[in-house]
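Contents: one structure, followed by commentary.
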Amino acid sequence: MNSPIFIGSEIYRHSTYGSKHPLAIPRVSTVIDLCRALGWLDAGNYRVSPCAKPSALHRFHRPEYIDALQAAETAQAVSDDVRSTYALGTLSNPVFPEMYRRPATAAGGSMLGAELIRDGGIVYNPAGGTHHGLPDRANGFCYLNDPVLAIMTLLQMGLDRIVYVDIDAHHCDGVEVAFHGSDKVRMISVHETRRWPFTGRLEDEAGGAAFNLPVARNLNDDEFAAILEQLVLPATQAFSPQAIVLQCGADAVAEDPLSRLTLSNSSHWNAVAALKELAPRFLVLGGGGYNPWSVGRLWTGVWATLNGFDIPDRLDMGTQTILRALTWNRSAGRKPPAHWLDTLRDAPNFGPVREELSQDLHRLAARI
């Protein structure tokens, strides 16, 4: 592969978890539209995501759960028994028209991405990153676990040194379940402390396979830079990875409603730029992110970073039109600040590196 590949689908444009759900907002479709408007996406570097078949999902998910998920989509209803057994039809994981096809398309995209980098390269699937999904039930907005399925695809191709990096505001509990104790997969997760799913403690090593760094609220860009330089990059390099899978959740930025971290999107872009140099195969996924403007702008900048495109200081009016057409049923969405509408890059959020974080980094560094 000579240039990065973007994997997308139109299913995300008209599919929603429901008007009151945090994932009622458009995300992937906004990124596709912005990238096309900026001249960064065309038929040559875009692939349509396949919808994964049940047999492919059975690599991680139990057949009876996949059967229940498909039946719930068909019936558009679940019984009390299905709800309690598989966590389908809950407030977090509601019944909606594409509740199998949408996550199966995201999973198909991540598995396709893994196949496309078989011989090296970079693939971006912003619809991926559903890192909470468990083998036998939905969990935290995640009906399936596409990062796990992608990593399993890489393992089946014969790779045996894979690093999974997760910078979502929420801990990757489903991925840790899948690769607990693995000597082939190293997991590195940076996530907000004392936030759902309340896993990923500093002491949790997942049988030696994981580096978990819970961070305090108000994490700033200088602190993230320290995390990148002192933990993420050295722990990745020390594993000599044949492939890196990055879950680039957009909910750790200042404007997200489901975290209290305050990064600018440049922190994510810096992580992408640094990690892409450390392995011949790089698969980048989306993840969390619940503000339509901050998600769309951040993930569009990820695509620019993967390609080495210059990110403009100010968007032209045609591109601004895409951002100005977004709506959000939260108070912050009724009068969005100017930078949500006319630029991709956030203002930096510099600040001191707190002593507690320095101590935690020192403790984890001793394990590298």
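Identifiers in this document derive from the order of the structure tokens: chains are assigned A, B, ..., residues are numbered from 1 separately in each chain, and ligands are numbered from 1 in order of occurrence.
Every protein, DNA or RNA residue with an atom at most 12 Å from A:Leu41, where only C-alpha atoms count and chain neighbours fewer than 2 positions away do not, is listed here: Ser3, Pro4, Ile5, Phe6, Ile7, Gly8, Val31, Ile32, Asp33, Leu34, Cys35, Arg36, Ala37, Leu38, Gly39, Ala43, Gly44, Asn45, Tyr46, Arg47, Tyr124, Thr300, Trp303, Ala304, Asn307 and Phe309 of chain A.
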Fill in: For A:Arg101: contacts at 10 Å, only C-alpha atoms, fewer than 6 positions along chain excluded, given as a PyMOL selection string
chain A and resi 11+15+50-53+69-70+73+107-108
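Of the residues under consideration (A:Ala114, A:Leu154, A:Leu213, A:Ala366), A:Leu154 shows the shortest atom-to-atom contact distance to A:Val185 when counting only C-alpha atoms.
For A:Asp222, the list of residues within 10 Å, based on only C-alpha atoms and with local chain neighbours fewer than 4 positions off taken out, reads Ala226, Ile227, Leu228, Leu263, Ser267, Pro348, Asn349, Phe350, Gly351, Pro352, Val353 and Arg354 of chain A.
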Store the residues picked out above, limited to C-alpha atoms, as a PDB file, in the first residue's frame.
ATOM      1  CA  ALA A 226       4.666  13.521  29.158  1.00  0.00           C
ATOM      2  CA  ILE A 227       2.485  10.394  28.973  1.00  0.00           C
ATOM      3  CA  LEU A 228       3.357   9.954  25.321  1.00  0.00           C
ATOM      4  CA  LEU A 263      -7.021  17.945  25.997  1.00  0.00           C
ATOM      5  CA  SER A 267      -2.682  15.825  21.607  1.00  0.00           C
ATOM      6  CA  PRO A 348      -3.671  24.309  22.976  1.00  0.00           C
ATOM      7  CA  ASN A 349      -4.291  23.663  26.651  1.00  0.00           C
ATOM      8  CA  PHE A 350      -0.897  23.923  28.281  1.00  0.00           C
ATOM      9  CA  GLY A 351      -0.347  23.430  31.985  1.00  0.00           C
ATOM     10  CA  PRO A 352       1.812  21.879  34.695  1.00  0.00           C
ATOM     11  CA  VAL A 353       2.513  18.168  34.939  1.00  0.00           C
ATOM     12  CA  ARG A 354       1.038  17.199  38.291  1.00  0.00           C
TER      13      ARG A 354
END
Worksheet item: Leaving out A:Ala150 and any residue of its chain fewer than 5 positions from it, which residues lie within 9 Å of it when counting only C-alpha atoms, given as a PyMOL selection string?
Response: chain A and resi 107-115+145+155+245+283
Worksheet item: Got a sec: who's within 12 Å of A:Ile151, counting only C-alpha atoms, leaving out chain neighbours fewer than 5 positions off, as number ranges by chain?
Response: A: 59-60, 107, 110-115, 117-118, 129, 131, 145-146, 156-165, 175, 178-179, 182, 184-187, 242-247, 281-285
